[in-house]
file target-v5.cif (mmCIF, C-alpha atoms)
data_model
#
loop_
_atom_site.label_atom_id
_atom_site.label_comp_id
_atom_site.auth_asym_id
_atom_site.auth_seq_id
_atom_site.Cartn_x
_atom_site.Cartn_y
_atom_site.Cartn_z
CA MET A 1 -8.28 72.42 20.28
CA LYS A 2 -7.70 71.91 16.56
CA ASN A 3 -4.91 74.47 16.59
CA THR A 4 -3.29 72.67 19.51
CA LYS A 5 -3.41 69.34 17.66
CA VAL A 6 -1.94 70.90 14.52
CA SER A 7 0.89 72.46 16.54
CA LEU A 8 1.68 69.17 18.25
CA LEU A 9 1.69 67.42 14.87
CA ALA A 10 4.04 70.03 13.44
CA LEU A 11 6.38 69.68 16.38
CA SER A 12 6.35 65.89 15.99
CA VAL A 13 7.20 66.12 12.30
CA LEU A 14 9.98 68.63 13.06
CA ALA A 15 11.44 66.38 15.75
CA MET A 16 11.40 63.37 13.44
CA GLY A 17 13.14 65.43 10.76
CA MET A 18 15.82 66.45 13.21
CA LEU A 19 16.36 62.84 14.24
CA VAL A 20 16.69 61.73 10.61
CA ALA A 21 19.09 64.56 9.88
CA SER A 22 21.11 63.62 12.95
CA ALA A 23 21.23 59.98 11.83
CA GLU A 24 22.54 61.04 8.41
CA THR A 25 25.31 63.31 9.69
CA THR A 26 28.56 62.52 7.86
CA THR A 27 31.83 62.51 9.77
CA TYR A 28 35.35 62.48 8.36
CA HIS A 29 38.83 61.28 9.21
CA ALA A 30 42.07 62.40 7.59
CA TYR A 31 45.06 60.09 7.53
CA SER A 32 48.34 59.63 5.67
CA MET A 33 48.75 56.47 3.62
CA SER A 34 51.91 54.97 2.14
CA ALA A 35 52.27 51.73 0.17
CA SER A 36 55.61 50.28 -0.96
CA TYR A 37 56.27 47.65 -3.65
CA THR A 38 59.29 45.42 -4.22
CA ASN A 39 58.13 42.95 -6.89
CA VAL A 40 59.73 43.00 -10.33
CA GLU A 41 56.41 43.86 -12.02
CA ALA A 42 56.38 47.16 -10.10
CA LYS A 43 59.75 48.36 -11.42
CA VAL A 44 59.65 51.76 -13.10
CA TRP A 45 62.56 52.59 -15.40
CA SER A 46 63.71 56.10 -16.27
CA VAL A 47 66.45 57.76 -18.30
CA GLY A 48 68.26 60.96 -17.40
CA GLY A 49 70.60 61.36 -20.33
CA GLY A 50 71.47 60.21 -23.83
CA PRO A 51 73.13 57.09 -25.28
CA GLU A 52 76.82 56.59 -25.92
CA ASN A 53 79.25 53.87 -26.95
CA PRO A 54 81.18 51.99 -24.29
CA PRO A 55 84.88 52.94 -24.05
CA ASP A 56 85.95 49.91 -26.11
CA ALA A 57 88.57 51.53 -28.41
CA ILE A 58 86.32 50.99 -31.44
CA TYR A 59 86.19 54.13 -33.59
CA PRO A 60 84.41 56.32 -34.40
CA GLN A 61 83.13 56.56 -30.84
CA LEU A 62 80.15 58.56 -29.56
CA GLU A 63 80.18 60.02 -26.05
CA TYR A 64 77.35 61.83 -24.26
CA ARG A 65 78.67 64.97 -22.57
CA GLY A 66 75.57 66.19 -20.75
CA GLY A 67 72.39 68.12 -21.37
CA SER A 68 68.72 68.14 -20.42
CA VAL A 69 67.55 64.76 -21.74
CA ASP A 70 64.89 63.28 -19.45
CA VAL A 71 61.68 61.25 -19.38
CA ASP A 72 58.31 62.43 -18.10
CA SER A 73 55.77 60.32 -16.26
CA SER A 74 53.93 59.39 -19.46
CA GLY A 75 57.13 57.83 -20.86
CA LYS A 76 57.97 60.65 -23.28
CA VAL A 77 61.72 61.23 -23.69
CA SER A 78 62.80 64.72 -24.73
CA GLY A 79 65.49 67.33 -24.29
CA VAL A 80 68.76 68.50 -25.81
CA GLY A 81 72.13 66.87 -25.33
CA ARG A 82 75.75 67.39 -26.33
CA TRP A 83 77.74 64.57 -27.92
CA THR A 84 81.30 64.23 -29.13
CA VAL A 85 82.57 61.90 -31.81
CA THR A 86 86.23 60.85 -31.64
CA TYR A 87 88.07 59.08 -34.43
CA SER A 88 91.15 57.77 -32.63
CA ALA A 89 92.62 57.30 -29.16
CA SER A 90 94.30 60.72 -29.38
CA GLY A 91 90.90 62.47 -29.38
CA THR A 92 91.95 64.85 -32.17
CA PRO A 93 90.29 65.57 -34.56
CA SER A 94 86.88 65.39 -32.94
CA SER A 95 83.32 66.42 -33.71
CA THR A 96 80.74 67.95 -31.38
CA PHE A 97 77.04 68.29 -32.01
CA TYR A 98 74.01 69.41 -30.02
CA GLY A 99 71.13 67.04 -30.61
CA THR A 100 67.43 67.44 -29.97
CA VAL A 101 66.06 64.18 -28.59
CA SER A 102 62.60 62.68 -28.97
CA GLY A 103 61.56 59.19 -27.95
CA LYS A 104 59.68 57.07 -25.47
CA LEU A 105 59.93 54.51 -22.72
CA ALA A 106 57.53 51.58 -22.77
CA GLY A 107 57.08 48.19 -21.18
CA LYS A 108 54.64 45.35 -20.62
CA VAL A 109 54.20 43.61 -17.30
CA GLY A 110 56.85 40.92 -16.98
CA ASP A 111 58.91 42.12 -19.98
CA PRO A 112 62.06 44.27 -19.96
CA ALA A 113 61.35 47.97 -20.43
CA THR A 114 62.34 49.41 -23.80
CA VAL A 115 63.45 52.83 -25.03
CA THR A 116 63.79 54.51 -28.40
CA MET A 117 65.45 57.88 -29.06
CA THR A 118 66.01 59.87 -32.23
CA ILE A 119 68.75 62.50 -32.09
CA LYS A 120 69.13 65.32 -34.62
CA GLY A 121 71.45 68.28 -34.35
CA ASP A 122 74.17 70.57 -35.62
CA GLY A 123 77.74 71.09 -34.57
CA TYR A 124 81.33 71.30 -35.76
CA THR A 125 84.52 69.33 -36.31
CA VAL A 126 87.85 70.65 -35.02
CA TYR A 127 91.30 69.46 -36.08
CA GLY A 128 93.67 70.93 -33.53
CA THR A 129 94.63 73.67 -35.99
CA GLY A 130 92.28 76.44 -34.91
CA LEU A 131 89.98 75.76 -37.86
CA ALA A 132 86.55 74.08 -37.82
CA THR A 133 84.03 72.70 -40.31
CA PRO A 134 80.24 72.25 -40.04
CA PHE A 135 78.94 68.93 -38.74
CA LYS A 136 75.45 67.40 -38.48
CA GLY A 137 74.19 64.27 -36.75
CA ASN A 138 71.08 62.16 -37.29
CA LEU A 139 70.94 59.07 -35.06
CA LYS A 140 68.53 56.53 -33.62
CA PHE A 141 69.01 54.50 -30.46
CA THR A 142 66.94 51.41 -29.72
CA GLY A 143 67.46 49.60 -26.44
CA GLN A 144 66.03 47.66 -23.55
CA VAL A 145 66.99 46.67 -20.03
CA GLY A 146 70.13 44.55 -20.02
CA ALA A 147 73.59 44.12 -18.52
CA SER A 148 75.69 47.26 -18.83
CA PRO A 149 78.58 46.84 -21.31
CA VAL A 150 80.91 48.54 -18.82
CA ASN A 151 79.77 46.59 -15.74
CA LEU A 152 77.92 43.32 -16.21
CA ASN A 153 76.76 43.39 -12.58
CA ILE A 154 74.39 46.32 -13.12
CA GLN A 155 71.51 46.89 -15.50
CA ARG A 156 71.12 49.80 -17.87
CA MET A 157 69.27 50.58 -21.09
CA VAL A 158 71.40 48.75 -23.66
CA GLY A 159 70.99 48.53 -27.43
CA THR A 160 72.33 49.75 -30.75
CA LEU A 161 72.91 53.05 -32.53
CA SER A 162 72.31 53.69 -36.20
CA GLY A 163 72.33 56.77 -38.38
CA SER A 164 74.63 59.13 -40.23
CA PHE A 165 76.73 62.26 -39.98
CA SER A 166 77.32 64.90 -42.60
CA GLY A 167 80.22 67.32 -42.96
CA SER A 168 83.93 66.99 -43.45
CA THR A 169 85.49 64.54 -40.96
CA PRO A 170 88.52 62.24 -40.84
CA MET A 171 86.15 59.46 -41.94
CA ASP A 172 85.05 61.15 -45.16
CA PRO A 173 84.96 64.71 -46.54
CA GLN A 174 81.20 64.42 -47.14
CA GLY A 175 80.15 62.54 -44.00
CA PHE A 176 79.64 58.89 -43.02
CA LYS A 177 77.18 56.36 -41.71
CA PHE A 178 77.56 55.09 -38.20
CA PRO A 179 78.79 51.46 -38.19
CA PRO A 180 75.72 49.15 -38.17
CA ASN A 181 74.71 47.45 -34.91
CA ARG A 182 77.16 49.51 -32.91
CA VAL A 183 76.63 48.72 -29.22
CA ALA A 184 75.48 51.64 -27.12
CA TYR A 185 73.89 52.20 -23.71
CA VAL A 186 72.43 54.96 -21.56
CA PRO A 187 74.69 55.44 -18.50
CA ASP A 188 72.06 57.58 -16.76
CA SER A 189 69.30 54.97 -16.75
CA ASP A 190 68.00 53.13 -13.73
CA PHE A 191 64.83 51.97 -12.00
CA ASN A 192 62.83 52.57 -8.86
CA TYR A 193 59.85 50.67 -7.54
CA ALA A 194 56.40 52.20 -7.75
CA GLY A 195 55.11 53.67 -4.52
CA ILE A 196 51.86 55.27 -3.43
CA SER A 197 51.87 58.14 -0.96
CA ALA A 198 48.88 60.38 -0.25
CA ASN A 199 46.80 61.98 2.45
CA VAL A 200 43.28 60.57 2.54
CA LEU A 201 40.10 62.40 3.49
CA GLN A 202 37.57 59.67 4.24
CA SER A 203 33.89 59.97 5.11
CA SER A 204 31.83 57.75 7.36
CA LYS A 205 29.94 56.77 4.19
CA GLY A 206 33.10 55.18 2.79
CA LYS A 207 34.07 57.84 0.25
CA MET A 208 37.83 58.36 -0.11
CA GLN A 209 39.60 61.40 -1.53
CA LEU A 210 43.34 60.90 -2.01
CA LEU A 211 45.35 64.12 -2.00
CA GLY A 212 49.00 64.87 -2.66
CA THR A 213 51.53 66.82 -4.72
CA SER A 214 52.29 63.91 -7.05
CA LEU A 215 49.17 61.68 -7.06
CA GLN A 216 45.48 62.48 -6.53
CA GLY A 217 42.28 60.52 -6.95
CA ASN A 218 39.16 59.00 -5.43
CA GLY A 219 37.98 55.71 -4.04
CA SER A 220 35.28 54.01 -2.02
CA ILE A 221 34.96 51.43 0.73
CA LYS A 222 32.45 48.61 0.30
CA GLU A 223 30.73 47.06 3.28
CA LYS A 224 33.59 48.18 5.54
CA THR A 225 35.77 45.33 4.25
CA THR A 226 37.22 46.18 0.83
CA TYR A 227 38.04 49.28 -1.21
CA LYS A 228 38.91 50.42 -4.71
CA ALA A 229 40.66 53.64 -5.70
CA THR A 230 42.23 55.25 -8.75
CA VAL A 231 44.94 57.90 -8.59
CA LYS A 232 46.46 59.94 -11.40
CA GLY A 233 49.64 61.94 -11.55
CA VAL A 234 49.59 65.72 -11.20
CA GLY A 235 52.26 68.25 -12.06
CA PHE A 236 55.52 66.56 -13.00
CA TYR A 237 53.81 63.18 -12.49
CA LYS A 238 51.08 63.82 -15.07
CA GLY A 239 50.73 60.64 -17.13
CA VAL A 240 50.76 58.22 -14.20
CA THR A 241 47.60 56.17 -13.70
CA VAL A 242 47.31 53.63 -10.89
CA SER A 243 44.24 51.60 -9.92
CA LEU A 244 44.24 50.04 -6.46
CA SER A 245 42.17 47.50 -4.60
CA GLY A 246 42.47 45.71 -1.30
CA THR A 247 41.05 45.15 2.13
CA VAL A 248 40.51 47.67 4.91
CA GLY A 249 41.03 47.22 8.59
CA LEU A 250 40.04 49.09 11.73
CA ARG A 251 42.87 51.10 13.24
CA THR A 252 42.88 52.86 16.58
CA GLU A 253 45.14 55.72 17.62
CA ASN A 254 45.24 57.86 20.71
CA VAL A 255 44.58 61.55 20.20
CA GLY A 256 45.17 63.24 23.52
CA SER A 257 43.18 61.20 26.02
CA ASN A 258 40.80 59.84 23.37
CA ALA A 259 41.07 56.58 21.42
CA VAL A 260 40.02 57.26 17.82
CA SER A 261 39.13 54.37 15.50
CA PHE A 262 39.05 54.63 11.71
CA LEU A 263 39.06 52.35 8.68
CA ALA A 264 42.14 52.38 6.42
CA PRO A 265 43.66 50.15 3.71
CA ALA A 266 45.37 47.06 5.08
CA THR A 267 46.48 45.76 1.65
CA ALA A 268 47.06 47.53 -1.68
CA GLU A 269 47.21 45.74 -5.02
CA ILE A 270 48.12 47.65 -8.20
CA LEU A 271 45.68 46.44 -10.82
CA LYS A 272 46.08 45.66 -14.51
CA GLY A 273 45.98 48.79 -16.67
CA SER A 274 48.14 50.87 -14.34
CA LYS A 275 51.02 52.81 -15.95
CA TRP A 276 54.04 54.77 -14.78
CA ASN A 277 56.67 56.34 -17.09
CA GLY A 278 54.90 54.65 -20.01
CA GLN A 279 55.35 51.19 -18.48
CA ALA A 280 52.62 48.82 -17.34
CA ILE A 281 52.94 47.90 -13.66
CA GLN A 282 51.24 45.53 -11.23
CA GLY A 283 51.89 44.13 -7.79
CA VAL A 284 50.86 43.73 -4.17
CA ALA A 285 52.29 46.13 -1.60
CA SER A 286 55.08 44.66 0.50
CA SER A 287 54.26 47.16 3.25
CA ILE A 288 51.50 49.66 3.91
CA THR A 289 51.06 52.25 6.63
CA ALA A 290 48.26 54.60 7.68
CA ARG A 291 48.54 57.31 10.32
CA LEU A 292 45.76 59.52 11.59
CA ILE A 293 46.24 63.25 10.96
CA ASP A 294 45.08 65.31 13.94
#
call {"tool": "encode", "arguments": {"input": "target-v5.cif", "output": "structure tokens"}}
result
Amino acid sequence: MKNTKVSLLALSVLAMGMLVASAETTTYHAYSMSASYTNVEAKVWSVGGGPENPPDAIYPQLEYRGGSVDVDSSGKVSGVGRWTVTYSASGTPSSTFYGTVSGKLAGKVGDPATVTMTIKGDGYTVYGTGLATPFKGNLKFTGQVGASPVNLNIQRMVGTLSGSFSGSTPMDPQGFKFPPNRVAYVPDSDFNYAGISANVLQSSKGKMQLLGTSLQGNGSIKEKTTYKATVKGVGFYKGVTVSLSGTVGLRTENVGSNAVSFLAPATAEILKGSKWNGQAIQGVASSITARLID
């Protein structure tokens, strides 16, 4: 009889354990999430080339002729570019140099984004005679968002160039300093609005894992009403940090003949401290979507 009682007790304990385990089973949903922003505080500026003077017939004149100058997602500007310096409308003589660029993009919420670039490189001056002389350039560009000097209806990175050149040129046989406060701009500069796009693996306990090829991170849902999440850039987007918060709502989608309900963000606010391309950003999503992945 004692053995029977012990066996029944063991079975009871086992059954209770199975019930508890069943009650704690975690389920998951996977869904795609996309949030778009259109407020000015969510603008992200970038540059894809070097500075040059506007074609204003003021000489000497610097022109960017292409290269690999670009900005990464932390705001670091780097690369190598090719510039020409012309001394008259005829374009001859002229100097060409290949400059290594280093600099950064930065910006505070509500203020125009700024950019600085230093350019150092070697090249040559030609005179239309078949002969050439050595040429070196050492320049600095400082600018911020403003009306383009070639089209006042669009915005570009606009500022001034300073620095000097060495080598025999029509300006001086030993070199010359660039005219002070010479207006310059970056033709290949523009902005896009920040946007969040990721696939989310979400547990029934409210844990969120955001996955993607540009942004990844984690978050959590509180009391099935609000959430917080932080994503960071990966790969080319390394340097981006975005903190999000908002409300969640219950969504229902049909999968085959079944109606499947899941919680997903209904709003998405970019919080203070978020950065993209070296610029501080904030804002509330103008639109947000979530679609179940099946």
call {"tool": "resolve_selection", "arguments": {"input": "target-v5.cif", "expression": "the PyMOL selection byres ((chain A and resi 207-209) around 10)", "output": "PyMOL selection string"}}
result
chain A and resi 28-30+198-206+210-211+216-222+227-231+264
call {"tool": "closest_residue", "arguments": {"input": "target-v5.cif", "among": "A:Asp72, A:Pro60, A:Asn181, A:Trp45", "to": "Gly146 (chain A)", "atoms": "all atoms listed in the file"}}
result
A:Trp45
call {"tool": "residues_around", "arguments": {"input": "target-v5.cif", "residues": "Leu62 (chain A)", "least_positions_apart": "6", "cutoff": "8 Å", "atoms": "only C-alpha atoms", "output": "ChimeraX atom specification"}}
result
/A:52-53,83-86
call {"tool": "atom_distance", "arguments": {"input": "target-v5.cif", "atom1": "CA of Gly273 (chain A)", "atom2": "CA of Arg291 (chain A)"}}
result
28.4 Å
call {"tool": "atom_distance", "arguments": {"input": "target-v5.cif", "atom1": "CA of Lys224 (chain A)", "atom2": "CA of Ser36 (chain A)"}}
result
23.1 Å
call {"tool": "resolve_selection", "arguments": {"input": "target-v5.cif", "expression": "the PyMOL selection byres ((chain A and resi 101-105) around 9)", "output": "PyMOL selection string"}}
result
chain A and resi 45-47+50+69+71+74-81+99-100+106-107+113-121+277-279
call {"tool": "atom_distance", "arguments": {"input": "target-v5.cif", "atom1": "CA of Tyr37 (chain A)", "atom2": "CA of Ala194 (chain A)"}}
result
6.1 Å
call {"tool": "closest_residue", "arguments": {"input": "target-v5.cif", "among": "A:Phe191, A:Glu63, A:Leu131, A:Ala147", "to": "Leu161 (chain A)", "atoms": "only C-alpha atoms"}}
result
A:Glu63
call {"tool": "decode", "arguments": {"input": "target-v5.cif", "residues": "region 27-41 of chain A", "atoms": "all heavy atoms", "output": "PDB file, in the first residue's frame"}}
result
ATOM      1  N   THR A  27       5.917  30.875 -27.452  1.00  0.00           N
ATOM      2  CA  THR A  27       5.641  30.840 -28.888  1.00  0.00           C
ATOM      3  C   THR A  27       6.222  32.096 -29.536  1.00  0.00           C
ATOM      4  O   THR A  27       6.512  33.089 -28.858  1.00  0.00           O
ATOM      5  CB  THR A  27       4.130  30.768 -29.159  1.00  0.00           C
ATOM      6  OG1 THR A  27       3.492  31.910 -28.543  1.00  0.00           O
ATOM      7  CG2 THR A  27       3.537  29.493 -28.592  1.00  0.00           C
ATOM      8  N   TYR A  28       6.375  32.032 -30.849  1.00  0.00           N
ATOM      9  CA  TYR A  28       7.003  33.139 -31.573  1.00  0.00           C
ATOM     10  C   TYR A  28       6.196  33.508 -32.810  1.00  0.00           C
ATOM     11  O   TYR A  28       5.502  32.678 -33.399  1.00  0.00           O
ATOM     12  CB  TYR A  28       8.425  32.751 -32.024  1.00  0.00           C
ATOM     13  CG  TYR A  28       9.401  32.538 -30.896  1.00  0.00           C
ATOM     14  CD1 TYR A  28       9.514  31.287 -30.288  1.00  0.00           C
ATOM     15  CD2 TYR A  28      10.216  33.575 -30.453  1.00  0.00           C
ATOM     16  CE1 TYR A  28      10.405  31.074 -29.254  1.00  0.00           C
ATOM     17  CE2 TYR A  28      11.119  33.367 -29.419  1.00  0.00           C
ATOM     18  CZ  TYR A  28      11.212  32.119 -28.828  1.00  0.00           C
ATOM     19  OH  TYR A  28      12.106  31.923 -27.808  1.00  0.00           O
ATOM     20  N   HIS A  29       6.322  34.781 -33.186  1.00  0.00           N
ATOM     21  CA  HIS A  29       5.845  35.243 -34.486  1.00  0.00           C
ATOM     22  C   HIS A  29       7.002  35.961 -35.171  1.00  0.00           C
ATOM     23  O   HIS A  29       7.841  36.582 -34.507  1.00  0.00           O
ATOM     24  CB  HIS A  29       4.658  36.208 -34.351  1.00  0.00           C
ATOM     25  CG  HIS A  29       3.395  35.553 -33.905  1.00  0.00           C
ATOM     26  ND1 HIS A  29       2.884  35.726 -32.634  1.00  0.00           N
ATOM     27  CD2 HIS A  29       2.539  34.719 -34.552  1.00  0.00           C
ATOM     28  CE1 HIS A  29       1.767  35.025 -32.513  1.00  0.00           C
ATOM     29  NE2 HIS A  29       1.530  34.404 -33.666  1.00  0.00           N
ATOM     30  N   ALA A  30       7.036  35.891 -36.483  1.00  0.00           N
ATOM     31  CA  ALA A  30       8.008  36.651 -37.265  1.00  0.00           C
ATOM     32  C   ALA A  30       7.227  37.583 -38.192  1.00  0.00           C
ATOM     33  O   ALA A  30       6.270  37.155 -38.852  1.00  0.00           O
ATOM     34  CB  ALA A  30       8.908  35.730 -38.070  1.00  0.00           C
ATOM     35  N   TYR A  31       7.630  38.834 -38.211  1.00  0.00           N
ATOM     36  CA  TYR A  31       6.955  39.792 -39.087  1.00  0.00           C
ATOM     37  C   TYR A  31       7.947  40.846 -39.581  1.00  0.00           C
ATOM     38  O   TYR A  31       8.982  41.102 -38.964  1.00  0.00           O
ATOM     39  CB  TYR A  31       5.776  40.464 -38.370  1.00  0.00           C
ATOM     40  CG  TYR A  31       6.120  41.230 -37.111  1.00  0.00           C
ATOM     41  CD1 TYR A  31       6.481  42.580 -37.168  1.00  0.00           C
ATOM     42  CD2 TYR A  31       6.065  40.621 -35.863  1.00  0.00           C
ATOM     43  CE1 TYR A  31       6.777  43.286 -36.010  1.00  0.00           C
ATOM     44  CE2 TYR A  31       6.367  41.316 -34.705  1.00  0.00           C
ATOM     45  CZ  TYR A  31       6.726  42.656 -34.782  1.00  0.00           C
ATOM     46  OH  TYR A  31       7.033  43.358 -33.643  1.00  0.00           O
ATOM     47  N   SER A  32       7.633  41.431 -40.727  1.00  0.00           N
ATOM     48  CA  SER A  32       8.440  42.520 -41.269  1.00  0.00           C
ATOM     49  C   SER A  32       7.893  43.843 -40.743  1.00  0.00           C
ATOM     50  O   SER A  32       6.683  44.012 -40.597  1.00  0.00           O
ATOM     51  CB  SER A  32       8.414  42.503 -42.792  1.00  0.00           C
ATOM     52  OG  SER A  32       7.098  42.686 -43.277  1.00  0.00           O
ATOM     53  N   MET A  33       8.798  44.753 -40.441  1.00  0.00           N
ATOM     54  CA  MET A  33       8.410  46.055 -39.903  1.00  0.00           C
ATOM     55  C   MET A  33       9.126  47.158 -40.680  1.00  0.00           C
ATOM     56  O   MET A  33      10.315  47.047 -40.991  1.00  0.00           O
ATOM     57  CB  MET A  33       8.784  46.150 -38.424  1.00  0.00           C
ATOM     58  CG  MET A  33       8.665  47.542 -37.822  1.00  0.00           C
ATOM     59  SD  MET A  33       9.353  47.591 -36.155  1.00  0.00           S
ATOM     60  CE  MET A  33       9.521  49.364 -35.917  1.00  0.00           C
ATOM     61  N   SER A  34       8.411  48.196 -41.024  1.00  0.00           N
ATOM     62  CA  SER A  34       8.995  49.332 -41.730  1.00  0.00           C
ATOM     63  C   SER A  34       8.406  50.621 -41.179  1.00  0.00           C
ATOM     64  O   SER A  34       7.185  50.744 -41.043  1.00  0.00           O
ATOM     65  CB  SER A  34       8.706  49.221 -43.232  1.00  0.00           C
ATOM     66  OG  SER A  34       9.237  50.328 -43.927  1.00  0.00           O
ATOM     67  N   ALA A  35       9.284  51.567 -40.835  1.00  0.00           N
ATOM     68  CA  ALA A  35       8.844  52.866 -40.314  1.00  0.00           C
ATOM     69  C   ALA A  35       9.487  53.973 -41.138  1.00  0.00           C
ATOM     70  O   ALA A  35      10.710  53.969 -41.349  1.00  0.00           O
ATOM     71  CB  ALA A  35       9.220  53.017 -38.840  1.00  0.00           C
ATOM     72  N   SER A  36       8.690  54.909 -41.614  1.00  0.00           N
ATOM     73  CA  SER A  36       9.174  56.026 -42.432  1.00  0.00           C
ATOM     74  C   SER A  36       9.031  57.340 -41.675  1.00  0.00           C
ATOM     75  O   SER A  36       8.094  57.521 -40.886  1.00  0.00           O
ATOM     76  CB  SER A  36       8.387  56.112 -43.747  1.00  0.00           C
ATOM     77  OG  SER A  36       8.520  54.920 -44.489  1.00  0.00           O
ATOM     78  N   TYR A  37       9.964  58.271 -41.950  1.00  0.00           N
ATOM     79  CA  TYR A  37       9.986  59.576 -41.275  1.00  0.00           C
ATOM     80  C   TYR A  37      10.089  60.681 -42.316  1.00  0.00           C
ATOM     81  O   TYR A  37      10.793  60.535 -43.323  1.00  0.00           O
ATOM     82  CB  TYR A  37      11.162  59.657 -40.296  1.00  0.00           C
ATOM     83  CG  TYR A  37      11.106  58.595 -39.223  1.00  0.00           C
ATOM     84  CD1 TYR A  37      11.536  57.300 -39.473  1.00  0.00           C
ATOM     85  CD2 TYR A  37      10.574  58.885 -37.967  1.00  0.00           C
ATOM     86  CE1 TYR A  37      11.445  56.315 -38.499  1.00  0.00           C
ATOM     87  CE2 TYR A  37      10.488  57.903 -36.988  1.00  0.00           C
ATOM     88  CZ  TYR A  37      10.923  56.617 -37.263  1.00  0.00           C
ATOM     89  OH  TYR A  37      10.823  55.650 -36.305  1.00  0.00           O
ATOM     90  N   THR A  38       9.389  61.784 -42.062  1.00  0.00           N
ATOM     91  CA  THR A  38       9.402  62.909 -43.003  1.00  0.00           C
ATOM     92  C   THR A  38       9.629  64.250 -42.311  1.00  0.00           C
ATOM     93  O   THR A  38       9.537  65.294 -42.944  1.00  0.00           O
ATOM     94  CB  THR A  38       8.069  62.971 -43.796  1.00  0.00           C
ATOM     95  OG1 THR A  38       6.970  63.029 -42.870  1.00  0.00           O
ATOM     96  CG2 THR A  38       7.908  61.752 -44.686  1.00  0.00           C
ATOM     97  N   ASN A  39       9.940  64.232 -41.016  1.00  0.00           N
ATOM     98  CA  ASN A  39      10.165  65.490 -40.294  1.00  0.00           C
ATOM     99  C   ASN A  39      11.614  65.944 -40.504  1.00  0.00           C
ATOM    100  O   ASN A  39      12.519  65.136 -40.737  1.00  0.00           O
ATOM    101  CB  ASN A  39       9.872  65.321 -38.805  1.00  0.00           C
ATOM    102  CG  ASN A  39      10.739  64.239 -38.179  1.00  0.00           C
ATOM    103  OD1 ASN A  39      10.614  63.078 -38.534  1.00  0.00           O
ATOM    104  ND2 ASN A  39      11.613  64.624 -37.260  1.00  0.00           N
ATOM    105  N   VAL A  40      11.831  67.245 -40.399  1.00  0.00           N
ATOM    106  CA  VAL A  40      13.148  67.815 -40.695  1.00  0.00           C
ATOM    107  C   VAL A  40      14.220  67.295 -39.761  1.00  0.00           C
ATOM    108  O   VAL A  40      15.397  67.183 -40.144  1.00  0.00           O
ATOM    109  CB  VAL A  40      13.076  69.362 -40.640  1.00  0.00           C
ATOM    110  CG1 VAL A  40      12.769  69.847 -39.230  1.00  0.00           C
ATOM    111  CG2 VAL A  40      14.357  69.990 -41.170  1.00  0.00           C
ATOM    112  N   GLU A  41      13.839  66.944 -38.512  1.00  0.00           N
ATOM    113  CA  GLU A  41      14.826  66.437 -37.547  1.00  0.00           C
ATOM    114  C   GLU A  41      15.313  65.037 -37.891  1.00  0.00           C
ATOM    115  O   GLU A  41      16.259  64.539 -37.274  1.00  0.00           O
ATOM    116  CB  GLU A  41      14.234  66.441 -36.137  1.00  0.00           C
ATOM    117  CG  GLU A  41      13.911  67.814 -35.586  1.00  0.00           C
ATOM    118  CD  GLU A  41      12.540  68.317 -36.034  1.00  0.00           C
ATOM    119  OE1 GLU A  41      11.823  67.551 -36.731  1.00  0.00           O
ATOM    120  OE2 GLU A  41      12.196  69.455 -35.704  1.00  0.00           O
TER     121      GLU A  41
END
